[in-house]
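Worksheet: one structure, shown below.
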Amino acid sequence: MKSFAVLILAIGSCLCDSQIKTDCNKICDVCSFTRITQDLGAVGEKVTNIGDKITLLEIKLQKTEKEVMDLQKRIGGNMSQPGIPQVAFSVALLDSGFGNTGPFDSPTPLRYKNIFSNTGSGYNPSTGIFTAMTKGMYFFRFSMFNNVNSVPNSVVSLTKNGKRLTSVWDTSGSDANDMGSNAVVIPLEVGDNVYVELQANRIVYDDSMNYNTFSGFLLFTL
């Protein structure tokens with residue numbers, strides 16, 4: 001009888017130990033699930049933060065693209081043809097004072113010193129020569145005011161690479177204070193030179209009214 005009681009107690013003890021282990025395992029499983037859930041939550045939060053950062057970067061990129069487009073507009077860039085160079089200049093003969101320029105013994109480029117504009121820096125005021133840095137079709141215009149003497153003696157010519165293209169002149173009559181202008185549209189290769197040339201033994205007059213001018217700009221590239 002005693003042996004049977006001891007056996008019952010032993011079985012009960014084993015069952016209790018087994019139940020305790022089962023309960024412990026269940027608790028451990030719950031703890032592991034809780035940790036996994038917490039880890040997933042942390043990962044989800046990081047993913048959300050990364051998504052927010054990506055959204056901010058996209059907004060900044062769009063803003064930067066808009067700023068670039070606005071800058072292209074301000075400097076004259078062509079939105080459909082980005083990178084097209086902008087070339088234009090306009091100059092007058094004297095930057096101060098008044099009087100005649102010339103005469104010279106041989107044809108001489110007029111050096112226009114009063115710079116109204118020189119986008120692209122193609123015009124050189126030290127030489128009076130415009131040098132093409134882009135192959136394209138260009139427009140040029142120049143004006144001339146003759147000498148103020150009673151007998152006019154003025155001839156200027158637009159010249160490309162030493163070849164006369166067109167001229168303005170006044171060499172006859174008894175009047176003074178006459179002026180004229182001329183213009184051309186011509187193709188230029190890179191390195192071509194264009195300038196206004198005062199012909200030999202001729203003179204032009206100018207003062208602060210800026211009668212003698214030289215202007216040009218790129219119409220389109222070729």
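Ordered as shown in the structure tokens, chains take letters A, B, and onward, while each chain numbers its residues from 1 and ligands are numbered from 1 in the order shown.
Every protein or nucleic acid residue with an atom no more than 8 Å from Ala88 in chain A, counting only C-alpha atoms and leaving out same-chain residues fewer than 2 positions away, appears here: A:Gln86, A:Ser90, A:Ser117, A:Asn118, A:Thr119, A:Gly120, A:Gly122, A:Ser215, A:Gly216, A:Phe217, A:Leu218.
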Practice task
For CA of Tyr195 in chain A and CA of Gly173 in chain A, determine how far apart the two atoms are, in Å to one decimal place.
Solution key: 27.7 Å
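In this model, the gap between CA of Ile115 in chain A and CA of Val194 in chain A comes to 16.5 Å.
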